[in-house]
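Have a look at the structure below before the remarks.
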Amino acid sequence: MKILVGIKRVVDYNVRVRVLPDGSGMDTDGVKMSVNPFDEIALEEALRIREAGNADEVIVVSAGGDECQQQLRTGLAMGADRAIQIKTAEALQPLSIARAFLKIIEREEPGLVLLGKQAIDGDNSQTAQMLAALWDRPQATFASELVLNGSTATVTREVDAGLETIEVDLPAVVSVDLRMNEPRFVKLPDIMKAKRKPLDVIPVDELGVTIEGNLTVHHFAPPPQREKGIMVEDTAQLVQELKSRGLI
């Protein structure tokens, strides 16, 4: 069985994001870029499934320019067998990404597709759901545990009320949450080995994907500065201050 894992190139989560002075986007000049943390967890889970003998091959897929090859190589260094770059100069929205991933699925015929529940830049949390609908296969989102049982998978989901356990038929799309696992540390020998692993580049035009209906963001702005707090002498003064501000 093949497992297909989608990964995205994003600004590293440890970096403080800055807005360009003209508000046209994020300042990425000289900024460290990494694999989206949720996607890294999805890849780790795929590797563990393969190591347990429940899968034969793990393939990482990313959509973007040649710069995303760095993140694909990171995925290969973690242990993925192959990588596929869907080459495009456009910043694709979730629906277009789902359509492109569907074409790769039709070529590779994986038994399981793993994605992060969301990307930390757009925070859309839509690609997995859209992909499952386009593929007409079951979906299990926000997974914190995944157990394969032959032709089915038991998934523990994180929901508002706590945890929910469901069973889905394979092939299926599963999006993973933070508590599923802790990704492995990539070692230097693995990075060197990754350079020899296959990385296929497929222009998005060759997939026959129609890129339409994309949203256009006209302006970016940083969050407002937090107001400076005040020190109070006792509880009575705190209550009085809250009343004066109309908070109680």
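Quick note on naming: the chains in the structure tokens go A, B, ... in the order shown, residues restart at 1 in each chain, and ligands are numbered from 1 in order of appearance.
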Can you build me a table of region 4-66 of chain A residues sitting at most 10 Å from region 158-176 of chain A, with the closest atom pair per residue and its distance in Å to one decimal, using only C-alpha atoms, sorted by chain and residue number, as a tab-separated table?
residue	atom	partner	partner_atom	distance
A:Leu4	CA	A:Val173	CA	9.5
A:Val5	CA	A:Val174	CA	9.8
A:Gly6	CA	A:Ser175	CA	9.9
A:Phe38	CA	A:Val176	CA	6.7
A:Asp39	CA	A:Val176	CA	7.9
A:Glu40	CA	A:Val176	CA	9.7
A:Ile41	CA	A:Val176	CA	7.1
A:Ala42	CA	A:Val176	CA	6.0
A:Leu43	CA	A:Val176	CA	9.8
A:Glu45	CA	A:Val176	CA	8.9
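The residue set within 8 Å of region 87-101 of chain A, counting only C-alpha atoms and dropping same-chain residues fewer than 5 places from it, reads Ala63, Gly64, Gly65, Asp66, Asn124, Gln126, Thr127, Ala128, Met130, Leu131, Leu134, Val201, Ile202, Pro203, Val204, Leu207, Val209, Thr210, Ile211, Glu212, Asn214 and Leu215 of chain A.
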Practice item. In Å, rounded to a single decimal, give me how far CA of Leu112 (chain A) is from CA of Arg50 (chain A). Key: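 These atoms are spaced 11.5 Å apart.
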Point to revise | Picked from region 24-195 of chain A by DSSP as alpha helix (DSSP H), as a ChimeraX atom specification | key: /A:37-51,69-78,94-108,127-135,188-194
Could the residues in this selection be written to a file with C-alpha atoms, as a tab-separated table (two decimals), in the first residue's frame?
chain	number	residue	atom	x	y	z
A	37	PRO	CA	4.26	21.45	11.55
A	38	PHE	CA	0.96	19.60	11.10
A	39	ASP	CA	2.21	18.14	7.80
A	40	GLU	CA	5.39	17.01	9.54
A	41	ILE	CA	3.26	15.10	12.04
A	42	ALA	CA	1.31	13.53	9.16
A	43	LEU	CA	4.56	12.38	7.56
A	44	GLU	CA	5.84	10.95	10.83
A	45	GLU	CA	2.63	8.92	11.16
A	46	ALA	CA	2.99	7.62	7.61
A	47	LEU	CA	6.56	6.54	8.33
A	48	ARG	CA	5.50	4.74	11.49
A	49	ILE	CA	2.77	2.90	9.58
A	50	ARG	CA	5.32	1.79	6.99
A	51	GLU	CA	7.81	0.73	9.66
A	69	GLN	CA	12.01	21.26	-3.07
A	70	GLN	CA	13.88	22.10	0.13
A	71	GLN	CA	10.89	20.94	2.18
A	72	LEU	CA	10.41	17.89	-0.04
A	73	ARG	CA	14.04	16.96	0.57
A	74	THR	CA	13.40	17.34	4.29
A	75	GLY	CA	10.54	14.88	3.92
A	76	LEU	CA	12.83	12.49	2.09
A	77	ALA	CA	15.43	12.88	4.81
A	78	MET	CA	12.83	11.97	7.42
A	94	PRO	CA	-7.33	24.96	-0.92
A	95	LEU	CA	-9.73	24.00	-3.73
A	96	SER	CA	-7.04	24.24	-6.41
A	97	ILE	CA	-4.61	22.29	-4.22
A	98	ALA	CA	-7.24	19.59	-3.67
A	99	ARG	CA	-7.83	19.33	-7.42
A	100	ALA	CA	-4.10	19.01	-8.09
A	101	PHE	CA	-3.68	16.41	-5.34
A	102	LEU	CA	-6.58	14.44	-6.82
A	103	LYS	CA	-4.70	14.13	-10.12
A	104	ILE	CA	-1.66	12.79	-8.27
A	105	ILE	CA	-3.91	10.34	-6.41
A	106	GLU	CA	-5.32	9.09	-9.71
A	107	ARG	CA	-1.76	8.43	-10.90
A	108	GLU	CA	-0.40	6.85	-7.74
A	127	THR	CA	-7.82	21.01	1.78
A	128	ALA	CA	-8.40	17.57	3.36
A	129	GLN	CA	-12.17	17.97	3.37
A	130	MET	CA	-12.29	19.23	-0.22
A	131	LEU	CA	-9.97	16.45	-1.40
A	132	ALA	CA	-12.14	13.77	0.21
A	133	ALA	CA	-15.24	15.23	-1.47
A	134	LEU	CA	-13.58	15.40	-4.90
A	135	TRP	CA	-12.15	11.88	-4.51
A	188	LEU	CA	22.94	14.61	8.69
A	189	PRO	CA	23.44	11.15	7.08
A	190	ASP	CA	19.72	11.08	6.29
A	191	ILE	CA	19.98	14.50	4.65
A	192	MET	CA	22.80	13.23	2.44
A	193	LYS	CA	20.82	10.10	1.50
A	194	ALA	CA	17.80	12.24	0.61
Point to revise | Length of the CA of Met180 (chain A) to CA of Leu114 (chain A) vector [Å] | key: 12.1 Å
Practice item. Measuring atom to atom with only C-alpha atoms, identify which of A:Gly246, A:Gly79, A:Pro222, A:Pro110 is nearest to Arg18 (chain A). Key: A:Pro222
Within 12 Å of region 11-16 of chain A: each region 71-174 of chain A residue with its shortest pair, only C-alpha atoms, as a tab-separated table:
residue	atom	partner	partner_atom	distance
A:Gln71	CA	A:Asp12	CA	11.4
A:Ala119	CA	A:Val11	CA	10.2
A:Ile120	CA	A:Tyr13	CA	7.7
A:Asp121	CA	A:Val11	CA	7.3
A:Gly122	CA	A:Val11	CA	11.0
Kindly export the residues of the current selection with all heavy atoms, as a short mmCIF file (atom, residue, chain, number, x, y, z; two decimals), in the first residue's frame.
data_model
loop_
_atom_site.label_atom_id
_atom_site.label_comp_id
_atom_site.auth_asym_id
_atom_site.auth_seq_id
_atom_site.Cartn_x
_atom_site.Cartn_y
_atom_site.Cartn_z
N GLN A 71 11.76 21.63 1.22
CA GLN A 71 10.89 20.94 2.18
C GLN A 71 10.63 19.50 1.75
O GLN A 71 10.52 18.61 2.59
CB GLN A 71 9.57 21.71 2.32
CG GLN A 71 9.66 22.94 3.21
CD GLN A 71 10.60 24.00 2.67
OE1 GLN A 71 10.53 24.36 1.50
NE2 GLN A 71 11.49 24.50 3.52
N ALA A 119 -2.63 24.57 7.60
CA ALA A 119 -1.32 25.19 7.44
C ALA A 119 -1.26 26.41 8.36
O ALA A 119 -2.26 27.11 8.53
CB ALA A 119 -1.09 25.61 6.00
N ILE A 120 -0.10 26.65 8.95
CA ILE A 120 -0.02 27.72 9.95
C ILE A 120 0.05 29.10 9.32
O ILE A 120 0.03 30.10 10.05
CB ILE A 120 1.18 27.51 10.89
CG1 ILE A 120 2.50 27.54 10.11
CG2 ILE A 120 1.04 26.23 11.66
CD1 ILE A 120 3.73 27.53 11.00
N ASP A 121 0.10 29.18 7.97
CA ASP A 121 0.08 30.50 7.35
C ASP A 121 -1.35 30.93 7.00
O ASP A 121 -1.83 31.97 7.41
CB ASP A 121 0.98 30.55 6.11
CG ASP A 121 0.70 29.43 5.13
OD1 ASP A 121 -0.21 28.61 5.37
OD2 ASP A 121 1.40 29.36 4.10
N GLY A 122 -2.08 30.10 6.25
CA GLY A 122 -3.44 30.45 5.88
C GLY A 122 -4.48 30.05 6.90
O GLY A 122 -5.54 30.67 7.01
#
Point to revise | Counting only C-alpha atoms, the option among A:Met33, A:Val19, A:Ile7, A:Met1 closest to Gly53 (chain A) | key: A:Met1
